[in-house]
Amino acid sequence: MRTHLPNPRTTDPRRARTASALSIFLIALLAGSCPAPPKPQPPYKPLATLEEVMHGMVIPNAHVVWKSVGTIITKEGTEEIRPKTEDDWIDIEASATILMEAGNLLMMEGRAKDNGKWYDLCRALVDAGDGVRQAAKSKDPEQLFTRGGYLFDACQACHFQYRFTEKDPNTFRSH
Ligand code: HEC
């Protein structure tokens, strides 16, 4: 009778084979891991210029948002502008969605002016657009007004940096 069990790792030929197969696999894995093959990039095709994105997407949809809420004070009296119908809210939400995603489109290679500050300012447009979107989803006119203001700030922040200072540092404009 044996006093102790043999070590199955060294004595069982099947296990020994598995172990060596495993180490070969690990070596292959290590060898394969450097250098990693480049991740395939999605085939983006940014055709519109920055100006075309501004005119085709950003400007008209910002106007939908800004015109939707406010107060007009004249000699004749005060007029409160608010979205009225379900369709009004749906239109505002759709415009906010376009503004939000336009921020992502502006980050694409070919439109991005650099890989730093530009991204932050595009992200600000994404966040501002999302803020308006949430206000439209919850049909909240006060929030819509406030976040419409944040949207304006996002436009300005980028324009001061890239639209005016780049073209003519002496130009000052309010929007
Ligand atoms: C991330 C940067 C950025 C953001 C955010 C941005 N813009 Fe612009 N915008 C520009 C640049 C750069 C130009 C100048 C393009 C050029 O002249 O080549 C421009 C130009 C414009 C113009 C002038 C177009 C013309 O024909 O000269 C308007 C109007 C405009 N933007 C409106 C807006 C509005 C409204 C928003 C916000 C809802 C906004 N932009 C957000 C970068 C931005």
# chains A, B, ... in the order shown; residues from 1 in each chain; ligands from 1
$ residues_around --residues "A:Val126" --least-positions-apart "6" --cutoff "10 Å" --atoms "only C-alpha atoms" --output "list of chain:residue names"
A:Ala96, A:Thr97, A:Ile98, A:Leu99, A:Met100, A:Glu101, A:Ala102, A:Gly103, A:Asn104, A:Leu105, A:Leu106, A:Asp120, A:Leu151, A:Ala154
$ residues_near_ligand --ligand "ligand 1" --cutoff "9 Å" --atoms "only C-alpha atoms and all ligand atoms" --output "PyMOL selection string"
chain A and resi 49-55+58-63+99+102-103+106-107+112-113+117-126+128-129+151-164+166-167+175
$ closest_residue --among "A:Ala136, A:Gly148, A:Gln41, A:Val69" --to "A:Asp87" --atoms "only C-alpha atoms"
A:Ala136
$ select_by_dssp --residues "stretch 32-97 of chain A" --states "strand (DSSP E)" --output "VMD selection string"
chain A and resid 70 to 74 77 to 81
$ closest_residue --among "A:Lys45, A:Arg82, A:Arg111, A:Lys75" --to "A:Leu144" --atoms "only C-alpha atoms"
A:Arg82
$ atom_distance --atom1 "atom CA of A:Ile81" --atom2 "atom CA of A:Ser95"
17.6 Å
$ atom_distance --atom1 "atom CA of A:Pro46" --atom2 "atom CA of A:Gly110"
6.9 Å
$ residues_around --residues "A:Ala135" --least-positions-apart "3" --cutoff "10 Å" --atoms "only C-alpha atoms" --output "NGL selection string"
:A and (89 or 92-93 or 96 or 130-132 or 138-148)
